[in-house]
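Student: query_12.csv is reproduced below (CSV, C-alpha atoms).
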chain,number,residue,atom,x,y,z
A,13,MET,CA,0.0,0.0,0.0
A,14,MET,CA,2.8,2.5,1.0
A,15,LYS,CA,4.7,1.6,-2.2
A,16,ASN,CA,1.7,2.4,-4.3
A,17,ILE,CA,1.2,5.7,-2.5
A,18,TRP,CA,4.8,6.6,-3.2
A,19,MET,CA,4.6,5.6,-6.8
A,20,SER,CA,1.5,7.8,-7.2
A,21,ILE,CA,3.3,10.7,-5.7
A,22,ILE,CA,6.3,10.2,-7.9
A,23,ILE,CA,4.2,9.9,-11.0
A,24,ALA,CA,2.3,13.1,-10.1
A,25,LEU,CA,5.4,15.0,-9.4
A,26,ALA,CA,7.0,13.7,-12.6
A,27,LEU,CA,4.1,14.9,-14.6
A,28,PHE,CA,4.2,18.3,-12.8
A,29,GLY,CA,7.9,18.6,-13.5
A,30,ALA,CA,7.5,17.5,-17.1
A,31,ALA,CA,5.4,20.5,-17.7
A,32,PHE,CA,8.5,22.6,-17.2
A,33,GLY,CA,11.3,20.3,-18.3
A,34,ASN,CA,12.3,16.8,-19.0
A,35,VAL,CA,12.2,13.8,-16.7
A,36,LEU,CA,15.5,12.0,-16.1
A,37,TYR,CA,15.7,8.6,-14.5
A,38,VAL,CA,18.4,7.2,-12.2
A,39,ASN,CA,18.8,3.5,-11.4
A,40,ASN,CA,22.0,2.0,-9.9
A,41,ILE,CA,22.1,-0.9,-12.3
A,42,ALA,CA,25.6,-2.5,-12.0
A,43,ASP,CA,26.4,-2.9,-15.6
A,44,GLY,CA,29.2,-0.4,-16.0
A,45,LYS,CA,27.2,1.9,-18.3
A,46,ILE,CA,26.5,5.6,-17.8
A,47,GLY,CA,23.0,5.6,-19.3
A,48,THR,CA,21.1,8.3,-21.1
A,49,GLY,CA,18.4,9.1,-18.5
A,50,THR,CA,15.4,7.6,-20.2
A,51,LYS,CA,13.1,5.2,-18.3
A,52,ASP,CA,14.5,2.3,-20.4
A,53,ASP,CA,18.2,3.4,-20.1
A,54,PRO,CA,18.5,5.4,-16.8
A,55,PHE,CA,21.6,7.1,-15.6
A,56,ARG,CA,23.5,4.8,-13.3
A,57,ASN,CA,24.3,7.4,-10.7
A,58,PRO,CA,22.6,10.7,-9.6
A,59,GLN,CA,25.5,13.0,-10.5
A,60,SER,CA,25.3,12.0,-14.2
A,61,ALA,CA,21.6,13.2,-14.1
A,62,PHE,CA,22.5,16.4,-12.2
A,63,ASN,CA,25.1,17.2,-14.8
A,64,ALA,CA,22.9,16.4,-17.8
A,65,GLY,CA,19.7,18.0,-16.5
A,66,ALA,CA,18.6,21.4,-17.7
A,67,ASN,CA,16.9,24.1,-15.6
A,68,LEU,CA,13.7,22.8,-14.1
A,69,ASP,CA,14.2,19.2,-15.2
A,70,THR,CA,13.0,16.5,-12.9
A,71,VAL,CA,15.3,13.7,-11.7
A,72,LEU,CA,13.6,10.5,-10.4
A,73,ILE,CA,15.9,8.3,-8.4
A,74,VAL,CA,14.5,4.7,-7.9
A,75,PRO,CA,15.2,2.6,-4.8
A,76,GLY,CA,18.9,1.9,-4.2
A,77,THR,CA,22.0,3.0,-2.3
A,78,TYR,CA,24.1,5.4,-4.3
A,79,GLN,CA,27.7,6.2,-3.5
A,80,ALA,CA,29.0,9.7,-4.4
A,81,ALA,CA,32.6,10.2,-5.5
A,82,GLN,CA,34.3,12.7,-3.2
A,83,VAL,CA,35.5,15.8,-5.1
A,84,ALA,CA,38.0,18.3,-3.6
A,85,PHE,CA,37.5,22.0,-4.3
A,86,ILE,CA,38.3,25.4,-2.9
A,87,ASP,CA,35.4,27.3,-1.5
A,88,SER,CA,36.1,31.0,-2.3
A,89,LEU,CA,34.1,32.2,0.7
A,90,CYS,CA,33.9,31.1,4.3
A,91,GLY,CA,30.4,31.0,5.7
A,92,ASN,CA,31.4,31.2,9.4
A,93,CYS,CA,34.7,33.0,9.5
A,94,GLU,CA,35.4,36.6,10.7
A,95,LYS,CA,37.0,37.2,7.3
A,96,GLN,CA,34.4,36.1,4.8
A,97,LYS,CA,36.9,36.1,1.9
A,98,THR,CA,38.8,33.2,3.3
A,99,ARG,CA,39.6,30.4,0.9
A,100,VAL,CA,38.5,27.1,2.4
A,101,LYS,CA,39.6,23.6,1.4
A,102,ALA,CA,36.5,21.4,1.2
A,103,THR,CA,34.9,18.4,-0.6
A,104,HIS,CA,31.5,17.8,-2.1
A,105,GLY,CA,29.7,14.6,-3.0
A,106,TYR,CA,26.8,15.6,-5.2
A,107,LEU,CA,26.8,19.0,-7.0
A,108,ILE,CA,23.8,20.9,-8.4
A,109,GLN,CA,25.2,24.1,-10.0
A,110,ASN,CA,23.8,26.9,-12.2
A,111,LYS,CA,20.4,25.2,-12.6
A,112,GLY,CA,17.3,24.4,-10.7
A,113,LEU,CA,16.3,20.7,-10.5
A,114,VAL,CA,13.4,18.8,-9.0
A,115,ILE,CA,15.0,15.7,-7.3
A,116,ILE,CA,12.7,13.0,-6.1
A,117,GLY,CA,13.5,9.7,-4.4
A,118,ALA,CA,11.2,6.7,-3.8
A,119,GLY,CA,11.3,7.2,0.0
A,120,VAL,CA,13.7,7.8,2.8
A,121,ASP,CA,14.2,4.1,3.6
A,122,THR,CA,14.7,3.0,-0.1
A,123,THR,CA,16.5,5.8,-1.9
A,124,ILE,CA,19.8,6.5,0.0
A,125,LEU,CA,22.5,8.9,-1.1
A,126,VAL,CA,25.9,8.2,0.6
A,127,THR,CA,27.8,11.4,0.0
A,128,ASN,CA,31.3,10.5,1.3
A,129,ALA,CA,32.2,14.2,1.5
A,130,GLY,CA,32.0,17.3,3.7
A,131,TYR,CA,29.4,19.2,1.6
A,132,GLY,CA,27.2,16.2,0.9
A,133,ILE,CA,24.8,17.7,-1.6
A,134,PHE,CA,26.0,21.1,-2.6
A,135,PHE,CA,23.6,23.6,-4.3
A,136,ILE,CA,25.3,26.6,-5.7
A,137,ASN,CA,23.6,29.2,-8.0
A,138,SER,CA,20.6,26.8,-8.1
A,139,TYR,CA,17.2,28.5,-8.1
A,140,ASN,CA,13.9,26.8,-7.6
A,141,SER,CA,15.4,23.4,-6.8
A,142,GLN,CA,13.5,20.9,-4.8
A,143,ILE,CA,14.6,17.7,-3.1
A,144,SER,CA,12.3,15.1,-1.5
A,145,GLY,CA,11.8,11.5,-0.7
A,146,LEU,CA,15.3,10.3,0.0
A,147,ARG,CA,18.0,9.8,2.7
A,148,VAL,CA,21.3,11.8,2.8
A,149,THR,CA,24.0,10.1,4.8
A,150,GLY,CA,27.6,9.0,5.1
A,151,GLY,CA,29.2,12.4,5.1
A,152,VAL,CA,33.0,12.7,5.9
A,153,ARG,CA,34.2,15.8,7.7
A,154,ASP,CA,36.7,18.0,5.9
A,155,PHE,CA,40.2,18.6,7.4
A,156,ASP,CA,39.8,22.3,7.1
A,157,GLY,CA,38.0,23.5,10.3
A,158,ALA,CA,36.5,26.5,8.4
A,159,ALA,CA,34.6,24.3,6.0
A,160,THR,CA,30.8,24.6,6.6
A,161,ASP,CA,30.2,20.9,6.2
A,162,GLY,CA,26.6,19.6,6.0
A,163,GLY,CA,24.5,16.8,4.6
A,164,ILE,CA,23.0,19.5,2.4
A,165,VAL,CA,24.8,22.8,1.8
A,166,VAL,CA,23.0,25.7,0.0
A,167,ARG,CA,24.7,28.8,-1.3
A,168,GLN,CA,23.3,31.5,-3.7
A,169,SER,CA,20.3,29.2,-4.3
A,170,LYS,CA,16.6,28.8,-3.6
A,171,VAL,CA,15.9,25.3,-2.4
A,172,THR,CA,13.1,23.4,-0.9
A,173,VAL,CA,14.0,20.3,1.2
A,174,ARG,CA,10.9,18.3,2.1
A,175,ASN,CA,10.3,14.7,3.3
A,176,CYS,CA,13.9,13.8,3.5
A,177,THR,CA,16.0,12.1,6.2
A,178,ILE,CA,19.5,13.7,6.8
A,179,SER,CA,21.2,11.4,9.2
A,180,ASP,CA,24.4,9.8,10.4
A,181,ASN,CA,26.8,12.3,8.8
A,182,THR,CA,29.4,11.7,11.5
A,183,LYS,CA,32.7,10.6,10.1
A,184,ARG,CA,35.6,12.9,11.0
A,185,PRO,CA,39.4,12.8,11.5
A,186,ASP,CA,40.4,12.7,15.2
A,187,SER,CA,42.2,16.0,14.8
A,188,ILE,CA,39.1,17.9,13.9
A,189,VAL,CA,36.7,19.2,16.6
A,190,VAL,CA,33.9,20.5,14.4
A,191,GLY,CA,31.5,18.1,12.7
A,192,ILE,CA,29.0,17.9,10.0
A,193,GLY,CA,25.6,19.6,10.2
A,194,GLY,CA,22.3,18.5,8.8
A,195,ILE,CA,21.4,21.4,6.5
A,196,ILE,CA,23.5,24.5,6.1
A,197,GLY,CA,22.3,27.8,4.5
A,198,ARG,CA,25.0,30.0,3.3
A,199,GLU,CA,25.3,33.4,1.4
A,200,GLY,CA,22.1,34.1,-0.6
A,201,ALA,CA,20.4,30.9,0.4
A,202,GLU,CA,16.6,30.9,0.5
A,203,LEU,CA,15.4,27.7,2.1
A,204,VAL,CA,12.1,26.0,2.8
A,205,ILE,CA,12.8,23.0,5.2
A,206,GLU,CA,9.7,21.0,5.9
A,207,ASP,CA,8.7,17.6,7.2
A,208,ASN,CA,12.3,16.2,7.5
A,209,HIS,CA,14.0,14.0,10.0
A,210,ILE,CA,17.4,15.5,10.7
A,211,ILE,CA,19.0,13.0,13.1
A,212,ASN,CA,22.4,12.0,14.5
A,213,ASN,CA,24.6,14.3,12.6
A,214,SER,CA,27.8,15.5,14.3
A,215,TRP,CA,27.2,19.3,14.4
A,216,ASP,CA,24.2,21.6,14.1
A,217,GLY,CA,20.9,20.3,12.9
A,218,ILE,CA,20.2,23.4,10.8
A,219,ALA,CA,22.6,26.3,10.6
A,220,LEU,CA,22.1,29.6,8.8
A,221,TYR,CA,25.0,31.9,8.0
A,222,ARG,CA,25.5,35.4,6.3
A,223,GLY,CA,22.2,36.5,5.0
A,224,ALA,CA,20.5,33.1,4.6
A,225,THR,CA,16.7,33.0,5.1
A,226,ALA,CA,14.6,30.0,5.9
A,227,LEU,CA,11.2,28.7,6.8
A,228,ILE,CA,11.8,25.7,9.1
A,229,ALA,CA,8.6,23.8,9.8
A,230,ASP,CA,7.4,20.5,11.1
A,231,ASN,CA,10.8,18.8,11.3
A,232,ILE,CA,12.2,16.3,13.8
A,233,ILE,CA,15.7,17.5,14.7
A,234,ASN,CA,17.5,15.2,17.1
A,235,GLY,CA,21.0,14.5,18.1
A,236,GLY,CA,24.2,16.6,17.5
A,237,ARG,CA,26.9,18.6,19.2
A,238,GLY,CA,25.9,22.2,18.3
A,239,ALA,CA,22.5,23.8,18.1
A,240,GLY,CA,19.4,22.1,16.8
A,241,VAL,CA,18.6,25.3,14.9
A,242,GLY,CA,21.4,28.0,14.9
A,243,ILE,CA,20.6,31.3,13.3
A,244,THR,CA,23.8,33.3,13.0
A,245,TRP,CA,25.5,36.3,11.5
A,246,ASP,CA,22.7,38.2,9.8
A,247,ALA,CA,20.4,35.4,8.9
A,248,THR,CA,16.6,35.4,9.2
A,249,ALA,CA,14.3,32.4,10.0
A,250,VAL,CA,10.8,31.4,10.9
A,251,VAL,CA,10.9,28.3,13.1
A,252,ILE,CA,7.6,26.6,13.7
A,253,ARG,CA,6.2,23.3,14.9
A,254,ASN,CA,9.5,21.5,15.2
A,255,ARG,CA,10.7,18.9,17.7
A,256,ILE,CA,14.3,19.7,18.7
A,257,SER,CA,16.3,17.6,21.2
A,258,ASN,CA,19.7,16.2,22.2
A,259,TYR,CA,21.9,19.1,21.2
A,260,TRP,CA,24.0,21.6,23.3
A,261,LYS,CA,21.5,24.3,22.5
A,262,GLY,CA,18.0,23.8,21.1
A,263,ILE,CA,17.2,27.0,19.2
A,264,GLY,CA,19.5,30.1,19.1
A,265,SER,CA,19.6,33.5,17.5
A,266,PHE,CA,23.1,34.9,17.4
A,267,GLY,CA,24.9,37.9,15.9
A,268,ASP,CA,22.5,40.4,14.1
A,269,THR,CA,19.8,37.9,13.2
A,270,ARG,CA,16.0,37.9,13.2
A,271,ALA,CA,13.9,34.9,14.2
A,272,VAL,CA,10.3,34.1,14.9
A,273,VAL,CA,10.1,30.9,17.0
A,274,SER,CA,6.7,29.5,17.8
A,275,ASN,CA,4.9,26.2,18.5
A,276,ASN,CA,8.1,24.2,18.9
A,277,ALA,CA,8.9,21.4,21.4
A,278,VAL,CA,12.4,22.0,22.6
A,279,PHE,CA,13.5,19.3,25.1
A,280,ASP,CA,16.3,17.2,26.5
A,281,ASN,CA,19.1,19.5,25.3
A,282,LEU,CA,22.3,19.6,27.5
A,283,GLY,CA,22.6,23.3,28.0
A,284,TRP,CA,20.0,25.9,26.8
A,285,GLY,CA,16.6,25.3,25.4
A,286,ILE,CA,16.1,28.6,23.6
A,287,ILE,CA,18.6,31.4,23.6
A,288,ALA,CA,18.8,34.9,22.1
A,289,THR,CA,22.1,36.8,22.2
A,290,GLY,CA,24.3,39.3,20.3
A,291,THR,CA,22.2,42.1,18.6
A,292,SER,CA,19.6,39.6,17.5
A,293,TYR,CA,15.8,39.9,17.7
A,294,MET,CA,13.8,36.9,18.7
A,295,ASP,CA,10.0,36.5,19.0
A,296,ALA,CA,9.5,33.2,20.9
A,297,ALA,CA,5.9,32.4,21.7
A,298,ASN,CA,3.8,29.3,22.3
A,299,ASN,CA,6.7,26.9,22.7
A,300,VAL,CA,7.1,24.0,25.1
A,301,VAL,CA,10.6,24.1,26.6
A,302,TYR,CA,11.0,21.0,28.7
A,303,HIS,CA,13.8,19.2,30.6
A,304,ASN,CA,16.9,21.0,29.2
A,305,GLY,CA,20.1,20.6,31.2
A,306,ASN,CA,20.7,24.2,32.4
A,307,CYS,CA,18.3,27.0,31.6
A,308,GLY,CA,15.1,26.7,29.6
A,309,MET,CA,15.1,30.1,27.9
A,310,ALA,CA,17.8,32.7,28.1
A,311,VAL,CA,18.3,36.4,27.0
A,312,TRP,CA,22.1,36.5,26.8
A,313,GLY,CA,23.2,40.1,26.6
A,314,ASP,CA,22.2,43.8,26.8
A,315,GLU,CA,21.7,44.4,23.0
A,316,CYS,CA,19.4,41.5,22.0
A,317,THR,CA,15.7,42.3,21.9
A,318,GLY,CA,12.4,40.6,21.5
A,319,ARG,CA,9.7,38.7,23.3
A,320,PHE,CA,9.3,35.5,25.3
A,321,SER,CA,5.6,35.0,25.7
A,322,ASN,CA,3.1,32.3,26.5
A,323,ASN,CA,5.6,29.5,26.6
A,324,ILE,CA,5.5,26.4,28.8
A,325,VAL,CA,8.9,26.2,30.5
A,326,VAL,CA,9.1,23.2,32.9
A,327,GLU,CA,11.6,20.9,34.6
A,328,ASN,CA,14.8,22.5,33.2
A,329,GLY,CA,18.1,22.6,35.1
A,330,TRP,CA,18.6,18.9,35.8
A,331,ARG,CA,22.4,18.8,35.3
A,332,ASP,CA,25.4,20.6,36.8
A,333,GLU,CA,25.6,24.3,35.8
A,334,TRP,CA,27.4,24.7,32.6
A,335,GLY,CA,27.3,28.2,31.0
A,336,CYS,CA,23.8,29.1,32.1
A,337,PRO,CA,22.3,28.9,35.6
A,338,CYS,CA,19.9,26.0,36.2
A,339,VAL,CA,16.6,27.9,36.0
A,340,GLY,CA,13.6,28.1,33.8
A,341,VAL,CA,14.1,31.7,32.4
A,342,TRP,CA,17.4,33.7,32.7
A,343,ASN,CA,17.7,37.3,31.6
A,344,ALA,CA,21.4,38.4,31.5
A,345,GLY,CA,20.5,41.6,29.6
A,346,LYS,CA,18.2,44.5,30.2
A,347,LEU,CA,14.6,43.7,31.2
A,348,PHE,CA,13.1,46.5,29.1
A,349,ASN,CA,14.7,45.0,25.9
A,350,PHE,CA,12.6,41.9,26.2
A,351,ASP,CA,9.0,41.3,26.9
A,352,ILE,CA,8.8,38.2,29.1
A,353,SER,CA,5.3,37.2,30.0
Show me the file's structure as structure tokens.
Tutor:
Amino acid sequence: MMKNIWMSIIIALALFGAAFGNVLYVNNIADGKIGTGTKDDPFRNPQSAFNAGANLDTVLIVPGTYQAAQVAFIDSLCGNCEKQKTRVKATHGYLIQNKGLVIIGAGVDTTILVTNAGYGIFFINSYNSQISGLRVTGGVRDFDGAATDGGIVVRQSKVTVRNCTISDNTKRPDSIVVGIGGIIGREGAELVIEDNHIINNSWDGIALYRGATALIADNIINGGRGAGVGITWDATAVVIRNRISNYWKGIGSFGDTRAVVSNNAVFDNLGWGIIATGTSYMDAANNVVYHNGNCGMAVWGDECTGRFSNNIVVENGWRDEWGCPCVGVWNAGKLFNFDIS
């Protein structure tokens, strides 16, 4: 029954995509051929389809486990460095560049992309791309600590990520402290991130840098060493109806960012549940903030502004103090900058 539902979805999306471009097929048939992308002669690996596709083509990836070839490159900008024009040594697995593609898998348990790289799927100058119905896994952390590694990395692109699993991107050299995030929005990124499972990656669940904007809705974000959702530099985000757990911080606005955070469940994080700091503005309302290790919600500085209103904040502060006092709500700034009610 589920298979039939998925096939119906794939056919409908293929027909929708076909109205704008061609439909290219991918199947990992082990015959040593490249393929031409037709249904009878599919491409044997996704990158061949990504290379061959034109703007607004649809790529259908049938069930299978697909291994990307790691490609080294120099990232001309650094997403999270003080000096943005820092050249960074990085790797990518799959690359979608200078075109928008609709990429559809047969389901997160059946279509599996193993990226073998730091920037697992890298969208650059890719507008109106969509990716859905597949699993992104097997990332390998780059040696350069300035690389903004993620299962999916988006730069100068408009991308929708929906109904995907981004998980177990954890491999890293012992000498590297930072890990691999789930989804990374970089310069010029416009993201819609909906209905995904972002699980057990080795850094942030979702991180936004330098002007990125995102709608982050209805995701399960669980397990990592950074923030479940980290909004940094001058990024902007709407974060609604997500379940965020098992990070150092649940949701954070840092730098000069803007964030609307509502109707989320933020629980079982080691340090902070929700934190606003820097010169950021955060409007956090109607969230459940439960059982976080130190403080539930924190205003961390004199210059950040916003509102904490109508939230349920309960049973936080269960571990030894680490960074933030073990309390429900902590205001380390000026009371008149934040409406806490």
Student: I'd like the interatomic distance between atom CA of Val166 of chain A and atom CA of Val100 of chain A, to a tenth of an Å.
Tutor: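 Taking atom CA of Val166 of chain A as the start and atom CA of Val100 of chain A as the end point, the length is 15.7 Å.
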Student: Taking into account only C-alpha atoms, which residue in the set A:Asn213, A:Leu282, A:Gly117, A:Gly112 is nearest to Gly150 of chain A?
Tutor: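 Of all the options, A:Asn213 lies closest to Gly150 of chain A.
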Student: Tell me which protein, DNA and RNA residues are within 6 Å of Gly217 of chain A, counting only C-alpha atoms, leaving out same-chain ones fewer than 2 positions away, and put them as an mmCIF file with C-alpha atoms, in the coordinates of the input.
Tutor:
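Saved result, around_34.cif, follows:
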data_model
loop_
_atom_site.group_PDB
_atom_site.id
_atom_site.type_symbol
_atom_site.label_atom_id
_atom_site.label_comp_id
_atom_site.auth_asym_id
_atom_site.auth_seq_id
_atom_site.Cartn_x
_atom_site.Cartn_y
_atom_site.Cartn_z
ATOM 1 C CA GLY A 193 25.600 19.600 10.200
ATOM 2 C CA GLY A 194 22.300 18.500 8.800
ATOM 3 C CA GLY A 240 19.400 22.100 16.800
ATOM 4 C CA VAL A 241 18.600 25.300 14.900
#
Student: Which distance in Å separates atom CA of Phe350 of chain A and atom CA of Arg255 of chain A, to one decimal?
Tutor: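 These atoms are spaced 24.6 Å apart.
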Student: Between A:Ala297, A:Val165, A:Val120, A:Val339, which residue has the minimum interatomic distance to Ser138 of chain A, considering all atoms listed in the file?
Tutor: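 Nearest to Ser138 of chain A: A:Val165.
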Student: Which one is closest to Phe155 of chain A: A:Ser292, A:Ser321, A:Asn175, A:Ser187? Count all atoms listed in the file.
Tutor: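 Of all the options, A:Ser187 lies closest to Phe155 of chain A.
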Student: Excluding Phe320 of chain A and residues on its chain fewer than 6 positions from it, collect all residues at most 12 Å away from it, counting all atoms listed in the file, and give them as an MDAnalysis selection string.
Tutor: chainID A and resid 272:274 286:288 293:301 308:311 341:343 347 349:353
Student: Could you check the closest approach to Glu94 of chain A for each of A:Ala80, A:Asp230, A:Trp245, A:Asp53 and tell me which residue wins, using all atoms listed in the file?
Tutor: A:Trp245
Student: Name the closest residue to Asp216 of chain A among the candidates A:Gln142, A:Thr317, A:Thr77, A:Asn234; distances are taken between atoms, counting only C-alpha atoms.
Tutor: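 Among the listed residues, the smallest separation from Asp216 of chain A belongs to A:Asn234.
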Student: I'd like to know which of A:Leu107, A:Ile324, A:Ile192, A:Leu113 is closest to Val83 of chain A, using all atoms listed in the file.
Tutor: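 Among A:Leu107, A:Ile324, A:Ile192, A:Leu113, it is A:Leu107 that comes nearest to Val83 of chain A.
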Student: Please, what distance in Å, to one decimal, runs between atom CA of Arg99 of chain A and atom CA of Asn67 of chain A?
Tutor: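 Result for atom CA of Arg99 of chain A versus atom CA of Asn67 of chain A: 28.8 Å, one decimal.
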Student: Report as a list in words all protein, DNA and RNA residues lying within 7 Å of segment 196-201 of chain A, evaluated on only C-alpha atoms, omitting residues in the same chain fewer than 6 positions from it.
Tutor: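 Once the nearby chain positions are removed, what remains is Gly91, Gly162, Ile164, Val165, Val166, Arg167, Gln168, Ser169, Lys170, Ile218, Ala219, Leu220, Tyr221, Arg222, Gly223, Ala224 and Thr225 of chain A.
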